$ cat protein-v4.cif   # mmCIF, C-alpha atoms
data_upload
#
loop_
_atom_site.label_atom_id
_atom_site.label_comp_id
_atom_site.auth_asym_id
_atom_site.auth_seq_id
_atom_site.Cartn_x
_atom_site.Cartn_y
_atom_site.Cartn_z
CA MET A 188 -17.25 -3.28 -10.87
CA LYS A 189 -14.22 -1.58 -9.33
CA HIS A 190 -14.38 -0.47 -5.70
CA HIS A 191 -12.11 0.81 -2.98
CA PRO A 192 -9.28 2.40 -5.03
CA ILE A 193 -5.90 1.27 -3.70
CA LEU A 194 -2.68 3.22 -4.22
CA VAL A 195 0.21 0.82 -4.93
CA VAL A 196 3.59 2.45 -4.19
CA GLU A 197 6.48 0.25 -5.36
CA ASP A 198 9.68 1.21 -7.19
CA ASP A 199 10.13 -2.21 -8.82
CA GLY A 200 7.95 -2.05 -11.92
CA LEU A 201 7.37 -5.80 -12.16
CA ILE A 202 6.30 -6.12 -8.53
CA ARG A 203 4.10 -3.02 -8.83
CA MET A 204 2.47 -4.42 -11.98
CA ASP A 205 1.90 -7.82 -10.34
CA LEU A 206 0.30 -6.27 -7.24
CA ALA A 207 -1.84 -4.00 -9.42
CA ASP A 208 -2.98 -6.96 -11.54
CA VAL A 209 -3.93 -9.05 -8.50
CA LEU A 210 -5.86 -6.16 -6.96
CA SER A 211 -7.54 -5.20 -10.23
CA ASP A 212 -8.53 -8.80 -10.98
CA SER A 213 -10.12 -8.87 -7.53
CA GLY A 214 -12.31 -5.87 -8.27
CA PHE A 215 -10.28 -3.07 -6.74
CA GLY A 216 -9.51 0.13 -8.56
CA VAL A 217 -5.75 0.68 -8.65
CA VAL A 218 -3.61 3.81 -8.80
CA GLU A 219 0.16 3.30 -9.18
CA ALA A 220 3.19 5.28 -8.03
CA ALA A 221 6.89 4.40 -8.32
CA ASN A 222 7.93 6.25 -5.14
CA ALA A 223 6.69 8.30 -2.19
CA ASP A 224 7.01 11.60 -4.06
CA GLN A 225 4.68 10.38 -6.83
CA ALA A 226 2.28 8.94 -4.25
CA LEU A 227 2.10 12.24 -2.35
CA ALA A 228 1.53 14.16 -5.57
CA LEU A 229 -1.44 11.90 -6.35
CA LEU A 230 -2.87 12.21 -2.83
CA GLU A 231 -2.39 15.99 -2.79
CA ALA A 232 -4.11 16.22 -6.19
CA GLY A 233 -7.17 14.72 -4.54
CA ILE A 234 -7.06 11.25 -6.10
CA PRO A 235 -9.50 9.37 -3.85
CA VAL A 236 -7.97 6.22 -2.41
CA LYS A 237 -9.34 3.97 0.28
CA ALA A 238 -6.02 2.23 0.99
CA MET A 239 -2.32 2.36 0.24
CA LEU A 240 0.07 -0.54 -0.23
CA THR A 241 3.66 0.74 0.01
CA ASP A 242 7.13 -0.75 -0.11
CA ILE A 243 9.62 0.43 2.55
CA ASP A 244 12.81 0.75 0.50
CA MET A 245 12.32 3.25 -2.34
CA PRO A 246 14.27 6.07 -3.94
CA GLY A 247 13.13 9.65 -3.40
CA SER A 248 12.63 12.01 -0.51
CA MET A 249 11.30 9.40 1.93
CA ASN A 250 10.90 5.68 2.50
CA GLY A 251 7.63 3.79 2.84
CA ILE A 252 7.51 4.04 6.64
CA LYS A 253 7.72 7.84 6.50
CA LEU A 254 5.15 7.84 3.69
CA ALA A 255 2.82 5.63 5.74
CA ASN A 256 3.05 7.92 8.77
CA LEU A 257 2.58 11.10 6.72
CA THR A 258 -0.39 9.57 4.90
CA ALA A 259 -1.98 8.46 8.18
CA SER A 260 -1.66 11.96 9.63
CA ARG A 261 -2.94 13.82 6.55
CA TRP A 262 -5.46 11.29 5.21
CA PRO A 263 -6.54 9.29 8.29
CA GLU A 264 -9.31 7.50 6.37
CA CYS A 265 -6.70 5.80 4.16
CA ARG A 266 -5.90 2.23 5.27
CA ILE A 267 -2.22 1.28 5.05
CA ILE A 268 -0.28 -1.90 4.28
CA VAL A 269 3.52 -1.68 4.36
CA ILE A 270 5.57 -4.34 2.55
CA SER A 271 9.24 -5.22 2.34
CA GLY A 272 11.53 -8.06 1.41
CA ARG A 273 14.54 -6.52 3.17
CA PHE A 274 13.35 -4.66 6.22
CA SER A 275 11.05 -5.31 9.12
CA PRO A 276 9.69 -2.17 10.77
CA ASP A 277 10.59 -1.48 14.39
CA GLN A 278 7.86 -1.80 17.00
CA GLY A 279 5.76 1.36 16.96
CA SER A 280 7.21 2.74 13.71
CA LEU A 281 4.06 2.14 11.67
CA PRO A 282 0.91 4.22 12.08
CA GLN A 283 -1.91 2.93 14.24
CA GLY A 284 -3.86 0.22 12.41
CA ALA A 285 -1.32 -0.31 9.62
CA ARG A 286 -0.37 -3.85 8.59
CA PHE A 287 3.06 -5.18 7.59
CA LEU A 288 3.65 -7.99 5.09
CA SER A 289 6.99 -9.56 4.15
CA LYS A 290 7.76 -10.12 0.46
CA PRO A 291 7.08 -12.26 -1.37
CA ILE A 292 3.40 -11.68 -0.63
CA SER A 293 0.88 -14.39 -1.37
CA GLU A 294 -2.58 -13.51 -2.63
CA ARG A 295 -3.96 -15.07 0.56
CA GLN A 296 -1.81 -12.84 2.81
CA LEU A 297 -2.93 -9.78 0.88
CA SER A 298 -6.58 -10.84 1.09
CA VAL A 299 -6.37 -11.33 4.86
CA ALA A 300 -4.66 -7.94 5.36
CA LEU A 301 -7.29 -6.17 3.25
CA PHE A 302 -10.08 -7.92 5.16
CA GLU A 303 -8.51 -6.90 8.49
CA LEU A 304 -8.48 -3.30 7.28
CA GLY A 305 -12.18 -3.50 6.50
CA LEU A 306 -11.86 -3.83 2.75
CA SER A 307 -13.71 -6.70 1.12
CA SER A 308 -11.93 -8.68 -1.54
CA THR A 309 -12.35 -11.66 -3.77
CA ILE A 310 -8.63 -12.48 -3.75
#

$ encode --input "protein-v4.cif" --output "structure tokens"
Amino acid sequence: MKHHPILVVEDDGLIRMDLADVLSDSGFGVVEAANADQALALLEAGIPVKAMLTDIDMPGSMNGIKLANLTASRWPECRIIVISGRFSPDQGSLPQGARFLSKPISERQLSVALFELGLSSTI
């Protein structure tokens, strides 16, 4: 049974597919987007998501930090995890309650972050 749909926003198709597979195998519904513009289109279309996992460095109109802040202001019920292998967000740049994980992300790190955000997982 799928629960707690999670929006995975990652421009690298292999990483996005891997994250989606791990989440799906753990019972989460998954919606995928390759950049912030696609993610916003999905959110604005009313796709119900409980959480968003977004990369920082992506092509398009905004990076993952801007997407995280916009999402938090417009959809405050959406939990947010920001990931990056190149950047570390400055203190106070992420929305209240968001988590940051450095790539590569282990299944255990992802499980702990989801648990801290109030989402159960079998990862």

$ closest_residue --input "protein-v4.cif" --among "A:Gly279, A:Gly305, A:Gly284, A:Gly214" --to "Ala259 of chain A" --atoms "only C-alpha atoms"
A:Gly284

$ closest_atom_pairs --input "protein-v4.cif" --of "segment 199-281 of chain A" --to "segment 297-302 of chain A" --cutoff "9 Å" --atoms "all atoms listed in the file" --output "CSV"
residue,atom,partner,partner_atom,distance
A:Ala238,CA,A:Leu301,CA,8.8
A:Arg266,CA,A:Leu301,CA,8.8
A:Ile268,CA,A:Ala300,CA,7.5

$ write_last_selection --input "protein-v4.cif" --atoms "C-alpha atoms" --output "mmCIF file, in the coordinates of the input"
data_model
loop_
_atom_site.group_PDB
_atom_site.id
_atom_site.type_symbol
_atom_site.label_atom_id
_atom_site.label_comp_id
_atom_site.auth_asym_id
_atom_site.auth_seq_id
_atom_site.Cartn_x
_atom_site.Cartn_y
_atom_site.Cartn_z
ATOM 1 C CA ALA A 238 -6.020 2.230 0.990
ATOM 2 C CA ARG A 266 -5.900 2.230 5.270
ATOM 3 C CA ILE A 268 -0.280 -1.900 4.280
#

$ residues_around --input "protein-v4.cif" --residues "Val196 of chain A" --least-positions-apart "2" --cutoff "7 Å" --atoms "all atoms listed in the file" --output "short mmCIF file (atom, residue, chain, number, x, y, z; two decimals) with C-alpha atoms, in the frame of the given file"
data_model
loop_
_atom_site.label_atom_id
_atom_site.label_comp_id
_atom_site.auth_asym_id
_atom_site.auth_seq_id
_atom_site.Cartn_x
_atom_site.Cartn_y
_atom_site.Cartn_z
CA LEU A 194 -2.68 3.22 -4.22
CA ASP A 198 9.68 1.21 -7.19
CA GLU A 219 0.16 3.30 -9.18
CA ALA A 220 3.19 5.28 -8.03
CA ALA A 221 6.89 4.40 -8.32
CA ASN A 222 7.93 6.25 -5.14
CA ALA A 223 6.69 8.30 -2.19
CA ALA A 226 2.28 8.94 -4.25
CA LEU A 240 0.07 -0.54 -0.23
CA THR A 241 3.66 0.74 0.01
CA ASP A 242 7.13 -0.75 -0.11
#

$ atom_distance --input "protein-v4.cif" --atom1 "atom CA of Glu303 of chain A" --atom2 "atom CA of Ile252 of chain A"
19.5 Å

$ residues_around --input "protein-v4.cif" --residues "Ala255 of chain A" --least-positions-apart "6" --cutoff "8 Å" --atoms "only C-alpha atoms" --output "ChimeraX atom specification"
/A:241,267,269,281-282

$ closest_residue --input "protein-v4.cif" --among "A:Leu257, A:Met204, A:Leu230, A:Ser289" --to "Arg273 of chain A" --atoms "all atoms listed in the file"
A:Ser289

$ atom_distance --input "protein-v4.cif" --atom1 "atom CA of Pro291 of chain A" --atom2 "atom CA of Leu210 of chain A"
15.4 Å

$ atom_distance --input "protein-v4.cif" --atom1 "atom CA of Ser280 of chain A" --atom2 "atom CA of Ala232 of chain A"
26.6 Å

$ closest_residue --input "protein-v4.cif" --among "A:Gly272, A:Gly247, A:Gly216, A:Gly200" --to "Ile292 of chain A" --atoms "all atoms listed in the file"
A:Gly272

$ closest_residue --input "protein-v4.cif" --among "A:Ser260, A:Leu288, A:Met239, A:Leu229" --to "Phe215 of chain A" --atoms "only C-alpha atoms"
A:Met239

$ closest_residue --input "protein-v4.cif" --among "A:Gly251, A:Pro263, A:Pro276, A:Pro235" --to "Pro192 of chain A" --atoms "all atoms listed in the file"
A:Pro235

$ closest_residue --input "protein-v4.cif" --among "A:Ser248, A:Val195, A:Asn256, A:Trp262" --to "Ser211 of chain A" --atoms "all atoms listed in the file"
A:Val195
